[in-house]
Every structure is written in structure tokens, then in C-alpha cells.
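Shown next: protein_37.cif, containing mmCIF, C-alpha atoms.
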data_coords
loop_
_atom_site.label_atom_id
_atom_site.label_comp_id
_atom_site.auth_asym_id
_atom_site.auth_seq_id
_atom_site.Cartn_x
_atom_site.Cartn_y
_atom_site.Cartn_z
CA MET O 1 128.09 77.11 102.94
CA LYS O 2 124.75 78.12 101.56
CA ILE O 3 122.89 81.20 102.74
CA GLY O 4 119.31 81.35 101.56
CA VAL O 5 117.67 84.69 100.83
CA VAL O 6 113.89 84.72 100.70
CA THR O 7 112.03 86.80 98.16
CA PHE O 8 108.49 87.80 99.09
CA PRO O 9 106.25 89.80 96.79
CA GLY O 10 107.54 93.29 97.57
CA SER O 11 110.99 92.35 98.88
CA LEU O 12 113.53 94.94 97.78
CA ASP O 13 116.87 94.11 99.33
CA ASP O 14 116.98 90.42 98.49
CA GLY O 15 119.50 91.08 95.72
CA ASP O 16 121.79 93.04 98.00
CA ALA O 17 121.50 90.44 100.75
CA ALA O 18 122.45 87.67 98.33
CA ARG O 19 125.34 89.76 97.09
CA ALA O 20 126.55 90.40 100.63
CA ALA O 21 126.42 86.66 101.30
CA ARG O 22 128.55 86.02 98.21
CA ILE O 23 131.04 88.72 99.14
CA ALA O 24 131.38 87.08 102.54
CA GLY O 25 132.25 83.85 100.76
CA ALA O 26 128.96 81.96 100.90
CA GLU O 27 126.89 80.51 98.13
CA ALA O 28 123.70 82.55 97.96
CA VAL O 29 120.55 80.58 97.29
CA ARG O 30 117.40 82.44 96.35
CA LEU O 31 114.34 81.10 98.13
CA TRP O 32 110.78 81.87 97.06
CA HIS O 33 107.99 82.75 99.46
CA ALA O 34 105.55 80.25 97.96
CA ASP O 35 108.03 77.37 98.00
CA PRO O 36 108.31 75.62 101.36
CA ASP O 37 111.52 73.86 100.26
CA LEU O 38 114.60 75.43 101.83
CA HIS O 39 116.88 73.82 99.20
CA GLY O 40 119.48 72.65 101.66
CA VAL O 41 120.60 76.04 102.91
CA ASP O 42 122.58 76.39 106.13
CA ALA O 43 121.26 79.82 107.12
CA ILE O 44 118.53 82.18 105.94
CA VAL O 45 118.17 85.92 105.49
CA LEU O 46 114.75 87.56 105.41
CA PRO O 47 115.52 90.73 103.49
CA GLY O 48 114.21 94.26 103.64
CA GLY O 49 111.47 95.72 101.54
CA PHE O 50 107.72 95.95 101.69
CA SER O 51 106.39 92.40 101.57
CA TYR O 52 102.77 92.33 100.48
CA GLY O 53 102.84 96.10 100.26
CA ASP O 54 103.07 96.34 104.04
CA TYR O 55 99.29 95.94 103.99
CA LEU O 56 97.57 95.46 107.34
CA ARG O 57 100.88 95.67 109.25
CA CYS O 58 104.43 95.25 108.07
CA GLY O 59 105.18 91.55 107.87
CA ALA O 60 101.69 90.48 108.98
CA ILE O 61 100.86 88.69 105.74
CA ALA O 62 104.36 87.48 104.87
CA ARG O 63 104.31 85.58 108.12
CA PHE O 64 101.81 83.16 106.59
CA ALA O 65 103.86 82.46 103.45
CA PRO O 66 104.53 78.75 102.87
CA VAL O 67 108.29 79.28 103.23
CA MET O 68 107.78 80.68 106.72
CA GLU O 69 106.43 77.38 108.01
CA SER O 70 109.67 75.68 107.01
CA ILE O 71 111.75 78.55 108.37
CA LYS O 72 110.00 78.38 111.71
CA LYS O 73 110.75 74.66 111.95
CA ALA O 74 114.35 75.12 110.86
CA ALA O 75 114.83 77.93 113.38
CA ALA O 76 113.52 75.71 116.13
CA ASP O 77 116.22 73.24 115.14
CA GLY O 78 118.85 75.93 115.44
CA MET O 79 119.28 77.20 111.89
CA PRO O 80 120.61 80.78 111.90
CA ILE O 81 117.96 83.24 110.67
CA LEU O 82 118.62 86.94 110.12
CA GLY O 83 115.74 89.34 109.55
CA ILE O 84 116.74 92.72 108.20
CA CYS O 85 114.25 95.60 108.33
CA ASN O 86 111.09 94.08 106.84
CA GLY O 87 112.59 90.71 107.74
CA PHE O 88 112.80 91.85 111.36
CA GLN O 89 109.15 92.90 111.18
CA ILE O 90 108.24 89.48 109.79
CA LEU O 91 110.14 87.69 112.58
CA CYS O 92 108.25 89.73 115.18
CA GLU O 93 104.90 89.11 113.50
CA ALA O 94 105.72 85.40 113.38
CA HIS O 95 106.51 85.53 117.12
CA MET O 96 110.01 84.28 116.44
CA LEU O 97 111.26 87.42 118.18
CA PRO O 98 109.52 89.38 120.93
CA GLY O 99 108.06 92.85 120.54
CA ALA O 100 106.82 94.64 117.45
CA LEU O 101 107.94 97.32 115.01
CA THR O 102 105.67 100.34 114.72
CA ARG O 103 105.50 103.60 112.85
CA ASN O 104 108.50 105.85 113.37
CA GLN O 105 107.64 108.25 116.17
CA HIS O 106 108.24 111.32 114.03
CA LEU O 107 106.22 109.75 111.17
CA HIS O 108 109.00 110.38 108.66
CA PHE O 109 110.67 107.72 106.61
CA ARG O 110 114.24 107.89 107.82
CA ASN O 111 117.08 107.10 105.47
CA ARG O 112 120.60 107.79 106.60
CA ASP O 113 123.84 106.24 107.70
CA GLN O 114 123.44 105.29 111.34
CA ARG O 115 125.88 104.54 114.11
CA LEU O 116 125.22 101.48 116.21
CA CYS O 117 126.92 100.03 119.19
CA MET O 118 127.15 96.26 119.30
CA GLU O 119 126.11 94.87 122.60
CA ASP O 120 125.62 91.12 122.87
CA VAL O 121 127.69 89.46 120.17
CA ARG O 122 127.08 85.84 121.04
CA SER O 123 124.45 85.24 118.37
CA SER O 124 125.15 83.18 115.28
CA TRP O 125 125.21 86.37 113.20
CA THR O 126 127.52 88.47 115.35
CA VAL O 127 130.41 86.31 116.54
CA SER O 128 132.80 88.30 114.33
CA TYR O 129 132.09 91.48 116.25
CA GLU O 130 133.22 92.64 119.62
CA SER O 131 130.91 93.88 122.28
CA GLY O 132 131.09 97.67 122.35
CA GLN O 133 132.21 97.87 118.75
CA GLU O 134 130.71 100.77 116.83
CA LEU O 135 129.29 100.27 113.36
CA LEU O 136 128.14 102.67 110.69
CA ILE O 137 125.47 101.15 108.49
CA PRO O 138 122.47 102.54 106.62
CA VAL O 139 119.07 102.68 108.23
CA LYS O 140 116.00 103.20 106.05
CA ASN O 141 112.57 102.59 107.44
CA GLY O 142 109.18 104.09 108.07
CA GLU O 143 108.11 101.57 110.68
CA GLY O 144 111.22 100.79 112.65
CA CYS O 145 110.17 101.87 116.11
CA PHE O 146 110.71 98.82 118.31
CA VAL O 147 108.15 98.50 121.07
CA ALA O 148 107.53 95.90 123.75
CA ASP O 149 106.15 96.02 127.25
CA GLU O 150 108.52 96.92 130.06
CA ARG O 151 108.72 93.36 131.30
CA THR O 152 109.79 92.06 127.89
CA LEU O 153 112.34 94.85 127.58
CA ASP O 154 113.76 94.03 130.99
CA GLU O 155 113.98 90.37 130.02
CA LEU O 156 115.78 91.22 126.81
CA GLU O 157 118.30 93.24 128.77
CA ALA O 158 118.71 90.62 131.46
CA ASN O 159 119.19 87.78 128.96
CA GLY O 160 121.66 89.72 126.85
CA GLN O 161 119.29 89.58 123.88
CA ILE O 162 119.92 93.15 122.79
CA VAL O 163 122.34 92.79 119.91
CA ALA O 164 122.81 96.44 118.98
CA ARG O 165 121.58 99.88 119.99
CA TYR O 166 121.43 103.14 118.09
CA ILE O 167 123.97 105.69 119.20
CA GLN O 168 124.33 109.35 118.31
CA GLY O 169 120.62 109.69 117.69
CA ASN O 170 117.72 107.29 117.62
CA PRO O 171 116.32 107.33 114.07
CA ASN O 172 112.82 106.09 114.82
CA GLY O 173 112.01 106.29 118.50
CA SER O 174 112.75 102.65 119.30
CA MET O 175 112.39 101.87 122.97
CA ARG O 176 115.72 101.79 124.77
CA ASP O 177 117.38 102.66 121.45
CA ILE O 178 117.08 99.05 120.32
CA ALA O 179 118.36 98.45 116.80
CA ALA O 180 118.73 94.66 116.86
CA ILE O 181 117.69 91.80 119.10
CA ARG O 182 118.05 88.05 119.14
CA ASN O 183 116.06 85.14 120.47
CA GLU O 184 117.18 83.34 123.59
CA ALA O 185 118.91 80.56 121.66
CA GLY O 186 120.89 83.12 119.67
CA ASN O 187 120.19 81.75 116.20
CA VAL O 188 117.43 84.20 115.27
CA VAL O 189 118.44 87.85 114.95
CA GLY O 190 116.38 90.82 113.82
CA ILE O 191 117.99 94.12 112.88
CA MET O 192 116.39 97.32 111.58
CA PRO O 193 119.41 98.90 109.86
CA HIS O 194 120.83 97.26 106.77
CA PRO O 195 124.17 95.47 107.14
CA GLU O 196 123.86 94.20 103.55
CA HIS O 197 124.19 97.79 102.32
CA ALA O 198 127.53 98.24 104.07
CA VAL O 199 129.69 95.55 102.52
CA GLU O 200 131.45 97.41 99.71
CA ALA O 201 133.41 100.64 99.75
CA LEU O 202 131.92 101.70 96.44
CA THR O 203 128.34 101.80 97.63
CA GLY O 204 128.30 101.62 101.41
CA PRO O 205 129.30 104.05 104.13
CA SER O 206 131.61 101.37 105.56
CA LEU O 207 132.23 97.65 105.40
CA ASP O 208 130.83 97.24 108.88
CA GLY O 209 127.87 95.16 107.76
CA LEU O 210 129.89 92.32 106.28
CA GLY O 211 130.57 90.94 109.75
CA PHE O 212 127.01 89.63 110.01
CA PHE O 213 127.60 87.41 107.02
CA THR O 214 131.12 86.36 107.93
CA SER O 215 129.89 85.66 111.47
CA VAL O 216 127.32 83.15 110.35
CA LEU O 217 129.89 81.43 108.13
CA ASN O 218 132.26 81.26 111.08
CA HIS O 219 129.49 79.96 113.24
CA LEU O 220 128.51 77.30 110.72
CA ALA O 221 132.13 76.32 110.26
CA GLY O 222 132.23 75.32 113.88
CA GLY O 223 132.71 78.69 115.48
CA SER O 224 130.78 79.40 118.57
CA ALA O 225 127.67 81.24 119.49
CA VAL O 226 125.58 81.42 122.59
CA GLY O 227 126.39 78.74 125.10
CA SER O 228 130.05 78.58 124.29
CA PRO O 229 132.22 81.40 125.53
CA ALA O 230 135.09 80.17 123.38
CA HIS O 231 134.36 82.67 120.66
CA ALA O 232 135.98 85.40 122.64
CA ALA O 233 139.28 83.57 122.38
CA GLU O 234 139.07 83.14 118.64
CA PRO O 235 139.72 86.42 116.95
CA VAL O 236 137.93 86.44 113.66
CA GLU O 237 139.50 88.36 110.89
CA MET O 238 137.25 91.26 110.16
CA PRO O 239 137.18 92.53 106.64
CA VAL O 240 138.72 95.94 106.37
CA ALA O 241 138.59 98.40 103.57
CA GLY O 242 140.77 97.14 100.80
CA SER O 243 140.53 93.50 101.68
CA VAL O 244 137.47 93.14 99.52
CA GLU O 245 138.24 93.29 95.87
CA ILE O 246 136.90 96.55 94.71
CA SER O 247 138.02 98.04 91.50
CA PHE O 248 136.46 99.74 88.61
CA VAL O 249 135.91 97.12 86.00
CA PRO O 250 134.22 97.25 82.65
CA ALA O 251 130.54 96.50 82.63
CA GLY O 252 129.95 92.79 82.55
CA ALA O 253 133.28 91.87 84.05
CA ASN O 254 131.77 91.60 87.49
CA ALA O 255 129.05 89.36 86.22
CA ARG O 256 130.14 86.68 88.67
CA GLU O 257 127.83 88.41 91.09
CA VAL O 258 124.86 87.72 88.90
CA PRO O 259 123.49 84.25 88.32
CA PRO O 260 124.01 83.47 84.65
CA GLU O 261 120.37 82.84 84.00
CA SER O 262 119.40 86.26 85.23
CA ARG O 263 122.23 88.10 83.56
CA VAL O 264 120.81 90.90 81.56
CA GLN O 265 123.80 93.18 81.58
CA PRO O 266 125.30 93.54 78.16
CA GLN O 267 128.80 92.16 77.93
CA ALA O 268 131.61 94.61 77.49
CA GLY O 269 131.58 95.87 73.97
CA GLU O 270 128.00 94.94 73.33
CA GLU O 271 125.58 97.64 72.61
CA THR O 272 122.43 97.94 74.55
CA ILE O 273 119.58 97.67 72.16
CA ARG O 274 116.61 99.69 73.12
CA PRO O 275 113.57 99.15 70.96
CA GLU O 276 112.21 102.34 69.60
CA VAL O 277 109.05 103.14 71.44
CA PRO O 278 106.81 105.42 69.48
CA ALA O 279 105.83 108.43 71.46
CA SER O 280 102.22 107.52 71.00
CA ALA O 281 102.74 104.28 72.91
CA ILE O 282 103.57 106.16 76.03
CA ARG O 283 100.42 106.74 78.00
CA PRO O 284 97.75 105.82 75.55
CA GLU O 285 94.79 108.07 75.61
CA VAL O 286 92.98 106.86 78.68
CA PRO O 287 90.33 109.40 79.33
CA VAL O 288 90.22 110.19 83.02
CA PRO O 289 86.80 111.33 84.03
CA ALA O 290 86.99 114.44 86.06
CA SER O 291 84.93 112.69 88.69
CA ALA O 292 87.68 110.14 89.16
CA ILE O 293 89.94 112.79 90.52
CA ARG O 294 89.33 112.64 94.20
CA PRO O 295 87.50 115.84 94.78
CA GLU O 296 87.15 115.26 98.50
CA VAL O 297 90.80 115.52 99.36
CA PRO O 298 91.76 119.11 99.72
CA VAL O 299 95.36 119.52 98.74
CA PRO O 300 96.94 122.64 100.05
CA ALA O 301 98.64 124.52 97.31
CA SER O 302 101.66 124.78 99.52
CA SER O 303 102.10 121.01 99.55
CA ILE O 304 102.79 120.82 95.87
CA ARG O 305 106.50 120.43 95.70
CA PRO O 306 107.73 123.07 93.40
CA GLU O 307 111.20 121.59 93.25
CA VAL O 308 110.16 118.44 91.43
CA PRO O 309 110.25 119.14 87.74
CA VAL O 310 107.34 117.49 86.00
CA PRO O 311 108.21 116.43 82.50
CA ALA O 312 105.79 117.86 80.04
CA SER O 313 105.06 114.37 78.76
CA ALA O 314 103.76 113.32 82.17
CA ILE O 315 100.98 115.81 82.11
CA ARG O 316 97.97 114.16 80.61
CA PRO O 317 96.63 116.65 78.20
CA GLU O 318 93.22 115.06 78.03
CA VAL O 319 92.27 116.24 81.48
CA PRO O 320 91.36 119.87 81.23
CA ALA O 321 93.39 121.71 83.76
CA ALA O 322 90.27 123.36 85.03
CA SER O 323 88.78 120.03 86.09
CA ILE O 324 91.55 119.29 88.49
CA ARG O 325 90.16 119.88 91.93
CA PRO O 326 88.49 123.12 91.05
CA GLU O 327 86.47 123.04 94.22
CA VAL O 328 89.40 123.60 96.51
CA PRO O 329 89.56 127.30 97.06
CA ALA O 330 93.11 128.42 97.30
CA ALA O 331 92.11 130.28 100.39
CA VAL O 332 91.45 127.14 102.45
CA ALA O 333 93.42 128.00 105.46
CA TRP O 334 95.72 125.05 105.66
CA PRO O 335 98.85 125.91 107.46
CA GLU O 336 102.02 126.60 105.67
CA ILE O 337 103.80 123.32 105.81
CA PRO O 338 107.22 123.78 104.38
CA PRO O 339 107.56 121.64 101.26
CA ALA O 340 109.32 118.39 101.97
CA ALA O 341 112.93 118.60 101.04
CA GLU O 342 114.21 115.99 98.67
CA GLY O 343 114.65 112.69 100.43
CA GLU O 344 115.62 112.89 104.04
CA SER O 345 118.75 114.88 103.84
CA ASN O 346 120.18 116.18 107.02
CA ALA O 347 118.86 119.58 106.11
CA ALA O 348 115.38 118.12 106.16
CA HIS O 349 115.76 117.30 109.81
CA GLN O 350 115.72 120.95 110.57
CA LYS O 351 112.14 121.41 109.53
CA PRO O 352 109.69 121.68 112.37
CA SER O 353 108.06 118.41 113.28
CA LEU O 354 104.30 118.23 112.95
CA LEU O 355 104.22 116.49 116.26
CA GLY O 356 106.32 118.94 118.05
CA LEU O 357 108.57 115.97 118.77
CA LYS O 358 112.15 116.82 118.89
CA ASP O 359 113.99 115.32 116.03
CA ASP O 360 117.07 113.43 116.98
CA ALA O 361 119.11 115.58 114.64
CA GLU O 362 117.98 118.61 116.55
CA GLU O 363 118.92 116.97 119.78
CA GLN O 364 122.40 116.47 118.51
CA ALA O 365 122.72 120.03 117.36
CA MET A 1 75.36 87.31 104.22
CA ALA A 2 76.28 88.18 107.73
CA ARG A 3 78.72 90.86 108.64
CA VAL A 4 81.10 90.77 111.54
CA VAL A 5 82.95 93.96 112.38
CA VAL A 6 86.37 93.88 113.97
CA ASP A 7 87.74 97.07 115.49
CA VAL A 8 91.48 97.06 115.99
CA MET A 9 93.06 99.70 118.21
CA LEU A 10 96.59 100.23 119.44
CA LYS A 11 96.85 99.40 123.11
CA PRO A 12 96.52 102.46 125.31
CA GLU A 13 100.15 102.31 126.35
CA ILE A 14 101.43 102.22 122.77
CA LEU A 15 102.24 105.63 121.33
CA ASP A 16 100.06 106.54 118.35
CA PRO A 17 102.03 109.13 116.42
CA GLN A 18 99.41 109.22 113.68
CA GLY A 19 96.70 110.10 116.15
CA GLN A 20 98.94 112.73 117.70
CA ALA A 21 99.57 114.32 114.34
CA VAL A 22 95.82 114.53 113.76
CA ALA A 23 95.24 115.94 117.22
CA ASN A 24 97.90 118.55 116.58
CA ALA A 25 96.19 119.54 113.34
CA LEU A 26 92.79 120.15 114.95
CA PRO A 27 93.53 123.64 116.26
CA ARG A 28 94.08 124.65 112.66
CA LEU A 29 90.43 123.88 112.05
CA GLY A 30 89.48 125.95 115.01
CA VAL A 31 88.94 122.92 117.25
CA SER A 32 90.65 123.43 120.55
CA ASP A 33 88.78 121.22 123.02
CA VAL A 34 90.05 117.78 121.93
CA ALA A 35 92.26 116.06 124.47
CA SER A 36 93.50 113.21 122.32
CA VAL A 37 92.97 111.34 119.08
CA ARG A 38 93.82 107.70 118.54
CA ILE A 39 93.52 105.97 115.21
CA GLY A 40 92.53 102.36 114.71
CA ARG A 41 91.24 100.14 111.96
CA ARG A 42 87.76 98.82 111.28
CA VAL A 43 87.56 95.53 109.39
CA GLU A 44 84.30 94.16 108.02
CA ILE A 45 84.14 90.43 107.45
CA GLU A 46 81.23 89.07 105.43
CA PHE A 47 80.43 85.43 106.00
CA GLU A 48 78.56 83.58 103.30
CA GLY A 49 76.12 82.06 105.77
CA GLU A 50 75.68 82.66 109.46
CA ALA A 51 77.98 85.07 111.23
CA ASP A 52 80.66 83.03 112.93
CA VAL A 53 81.95 85.18 115.74
CA GLU A 54 84.38 82.56 116.98
CA ARG A 55 86.01 82.30 113.57
CA ALA A 56 86.08 86.06 113.29
CA ARG A 57 87.77 86.24 116.67
CA GLU A 58 90.40 83.75 115.51
CA ILE A 59 90.97 85.75 112.32
CA ALA A 60 91.33 88.90 114.38
CA ASN A 61 93.73 87.30 116.83
CA LYS A 62 95.95 85.65 114.22
CA LEU A 63 95.95 88.19 111.44
CA LEU A 64 93.97 91.39 111.82
CA ALA A 65 95.55 92.45 115.09
CA ASN A 66 98.99 91.99 116.54
CA PRO A 67 98.18 91.22 120.18
CA VAL A 68 101.62 92.49 121.19
CA ILE A 69 100.59 96.05 120.41
CA GLU A 70 96.88 96.01 119.57
CA ASP A 71 93.53 95.21 121.12
CA TYR A 72 90.54 94.15 119.08
CA HIS A 73 86.80 94.01 119.50
CA VAL A 74 84.56 91.68 117.51
CA ARG A 75 80.83 92.23 117.02
CA VAL A 76 78.09 91.05 114.70
CA GLU A 77 76.47 93.84 112.76
CA SER A 78 72.76 93.45 112.42
#

Would you encode the structure as C-alpha cells?
Amino acid sequence: MKIGVVTFPGSLDDGDAARAARIAGAEAVRLWHADPDLHGVDAIVLPGGFSYGDYLRCGAIARFAPVMESIKKAAADGMPILGICNGFQILCEAHMLPGALTRNQHLHFRNRDQRLCMEDVRSSWTVSYESGQELLIPVKNGEGCFVADERTLDELEANGQIVARYIQGNPNGSMRDIAAIRNEAGNVVGIMPHPEHAVEALTGPSLDGLGFFTSVLNHLAGGSAVGSPAHAAEPVEMPVAGSVEISFVPAGANAREVPPESRVQPQAGEETIRPEVPASAIRPEVPVPASAIRPEVPVPASSIRPEVPVPASAIRPEVPAASIRPEVPAAVAWPEIPPAAEGESNAAHQKPSLLGLKDDAEEQA
Amino acid sequence: MARVVVDVMLKPEILDPQGQAVANALPRLGVSDVASVRIGRRVEIEFEGEADVERAREIANKLLANPVIEDYHVRVES
């Protein structure tokens, strides 16, 4: 079975998605956004990332990629399509799924391990799960807030098109806690969290995500999806911790995961050769005119993160320190916004929201 | 060259957290009589010849706005 993974300019998780497909036992085929040929794949994953820089709206430009034309046709013929994160946004923009994904309500990028509850498991990508099953998989998005009008939401509920909901805290404000939906036929699924990041004990919080990939293989192998209730009678062996080969192996020994042509890892025993880069080659003297430094954006002194060490080499010595935004008087009365903590650790949730919106972490507390 | 301006705004029923954040910042500037702020996008399209409002409308509907969550307004700028 071949699972295609599309790479758009700005895709980030295409490698992980392909790897997850291989771990599940499929042959991963890399598809290119500009190539309308689907290369004989049986199913397709639209991976996470920031296609086309998320310009205009997330997924708005990727939707017009040549490969999308073919994918739309294939989906209409029943090919299983899974959109993860940015892929979900693309599917909504392409009107292959209803609704839209908008800016997280609290405006923060949210990156954490998230609990989901599986709801309708009849889609091509979820037949290995049970309804009501809880999963723990990473969520990481800035624009993951699912919105649709009330009528559409009611239809999704009535048709059983809600595949998974967030539990124990909604990370982005999605309406009705929706984390994943499917189309009516059940072959197109969009999910905001990242199942492809939860397929290996070494790197994921669980192996709960692998089921999406084993599901589609089961489905393609003649398993059932929407329209056939038989799937309930066919227990599918879910991967459990330990069933996936995970062991610490010397570098290069796990190269089976990497297509030979793209293998850049040194083989065991080889030395990595790093060409000597003369210090002078780093940041050639590009004079930055003082006027190029945006003088109109007042930056509150308090917003400069003191905890990020700036390597001395990164400071361009050719810009006199005095020319850097000298016109911003330190006394500009911007409020004291606590400096952002590193990443989005749980501790960061405690900081007061600009919006006065209650953070879900606070709700839990 | 003829310029067509497309204004794209979130539909009134869609929450605009960005606008809310701006509204919440206004009191810090001493502005206290603003009821709400909503943020949209202005797109300027320059046609080589005559302004083609119909084409601009199609561009807006297919690409510039997502009609699921946004409204748009097309006008020729003189």
C-alpha cells in the first residue's frame, strides 16, 4: 500500500508523516505540490506546516497548487485523504471539508500534548479506533480554532462527522471542542493535532497517533469504513508500546527510514566533515543604514526577553548601538507585559491573558 | 492603470481575537470610549487597463476572502 505525502513550499511535518506511514507498514511516496501526478498512491496525507508562509490565510494559496486538483478528483472517487494541521486548513480552504480554521482565541501559539476523545470512528482513517477512546497526541498551532455556522455544526453532529473532540481543555477555542472532522463519505478527514508525532515511544507522548495510519491500511486492505458497520466486529490490533521496534541503535543503522537518495547521515564510524568556515564569512559586512531600522515601531523595553542569550557574534558591530531606535523614550508608558516564557510551557499558561480570556489551563486549575 | 480595492472583513458573528486585543490595549493609551475594534484586510489590485470589477469580485471570492468566515467589498478607486 502506498501512502502519498504532499510537500508544499513551507510544509514542515511531511517527513514525520512519511515516517509514520512507514512505521505503520505502508510505502511512503513523497508527492510534490507542483506535480499533478499522484504516482499511483492509495491514500494521501496533507501534512502540517506553513504552506506558502500562511500568507493571506492558512491554506488559501496551497489550495490552488496543481497537486490539489488531482487530490480533489481522487477524493471525489473515494481516495482516503488526511489533512493534519495545515493540511486540515487546506482541506477547509479547498471546500473539501466544511468550516474554517481561525486564529487561536487566546492568540498564543499552543504547543502541548493534548487529550482527545474519539467520537465517530467510521472514517477511512479511524477504523482502528473505538468510539470513546481517549488519545494523547501533540497539538501545535496558532490558527487551529475551528469555526462554522451553527447550522453546519449541527449537521456535523447529526451526521456523525465529528471525528474527535478536545478533552481536558480546549487548546485553541474551537467551537464545540472540535479537533477533527470528516466529510460525509468518510474518506476525507481533517485533524488539528498531530497523530504523526505520536507513533514512537522515543519521541512521542504515546503511540496513539499510529492508529490513523494503520486504519487507512486496514481500510484499503478491505476493511470497512462508513456505510459498512462490519468494522465494529473486526477488532484491529492496535499498536501498543513495545510492539514497534524501538531501540537505541548506532547512527546510520536506522537509515531504512530515509530514502537512500536523500541519506545525508554519516554511516556509523564515519566522521562528519564540516568545512572550516572562516569567521569572516559569517555575516559579511552589510552596512545597515540606521534608517532601515524601523523607527516607527516602539518596542517596550520590557518586551525584550532577557532570558534569551544573544551570542556576541550575532550583534552586528557596524550598527552603532546609539542608532538603534533612539527615538523611543524608555518612559513610553507601555504596560508591563511579563516577558514571554520560553515556548509554551505549562508555566506560561499562568500569565495573564491580554484578552482577559480565561486560559484553558487556568480553567483546569 | 486602474485600481480596484477589496476590503475583507471577518463576518460579524466570527470572533476577532486580534481586534479584541487591540481594543483591550486602548485604555493604556488613555482611550476609554471605544466599544469595539475589528481588524480586516485591504487589498489593492491594479489592472493594466480598465478596472474590471467583475474579475476583481471573482478574485476576492475565490482567493482573497474565505466566504465561510469573511465578507468582502469591492470598489474602484478613482

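Each of A:Lys11, A:Arg55, A:Lys62, A:Arg75 was checked against Val43 of chain A using only C-alpha atoms; the smallest atom-to-atom distance is that of A:Arg75.
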
Please identify all residues of chain A having at least one atom at most 12 Å from any atom of chain O, considering only C-alpha atoms, and return them as a ChimeraX atom specification. /A:8,10-30,40-43,60-70

Hey, can you check how far atom CA of Ile3 of chain O sits from atom CA of Ala34 of chain O? 18.0 Å

Name the residues captured by the PyMOL selection byres ((chain O and resi 182-193) around 8) when it is applied to the shown file; answer as a PyMOL selection string. chain O and resi 75+78-89+91+96-98+114+122-125+137-141+144+159+161-163+179-181+194-195+225-226

With the PyMOL selection byres ((chain O and resi 33) around 8) as the selection, what would be picked from this file? Answer as a PDB file with C-alpha atoms, in the frame of the given file, please.
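Okay, this is what ended up in expr20.pdb:
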ATOM      1  CA  VAL O   6     113.890  84.720 100.700  1.00  0.00           C
ATOM      2  CA  THR O   7     112.030  86.800  98.160  1.00  0.00           C
ATOM      3  CA  PHE O   8     108.490  87.800  99.090  1.00  0.00           C
ATOM      4  CA  PRO O   9     106.250  89.800  96.790  1.00  0.00           C
ATOM      5  CA  LEU O  31     114.340  81.100  98.130  1.00  0.00           C
ATOM      6  CA  TRP O  32     110.780  81.870  97.060  1.00  0.00           C
ATOM      7  CA  ALA O  34     105.550  80.250  97.960  1.00  0.00           C
ATOM      8  CA  ASP O  35     108.030  77.370  98.000  1.00  0.00           C
ATOM      9  CA  PRO O  36     108.310  75.620 101.360  1.00  0.00           C
ATOM     10  CA  ALA O  65     103.860  82.460 103.450  1.00  0.00           C
ATOM     11  CA  PRO O  66     104.530  78.750 102.870  1.00  0.00           C
ATOM     12  CA  VAL O  67     108.290  79.280 103.230  1.00  0.00           C
ATOM     13  CA  MET O  68     107.780  80.680 106.720  1.00  0.00           C
TER      14      MET O  68
END

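The space between atom CA of Gly173 of chain O and atom CA of Leu153 of chain O spans 14.6 Å.
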
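Taking atom CA of Phe47 of chain A as the reference point, atom CA of Val4 of chain A is found at 7.7 Å.
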
Taking the file as shown, what set of residues would the PyMOL selection byres ((chain A and resi 48) around 8) give back, as a ChimeraX atom specification? /A:1-2,46-47,49-50

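Nearest to Glu44 of chain A of all the residues A:Ala56, A:Val5, A:His73, A:Ser32 is A:Val5, based on all atoms listed in the file.
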
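The residue that comes closest to Ala51 of chain A, out of A:Val31, A:Tyr72, A:Arg3, A:Ser36 and on the basis of all atoms listed in the file, is A:Arg3.
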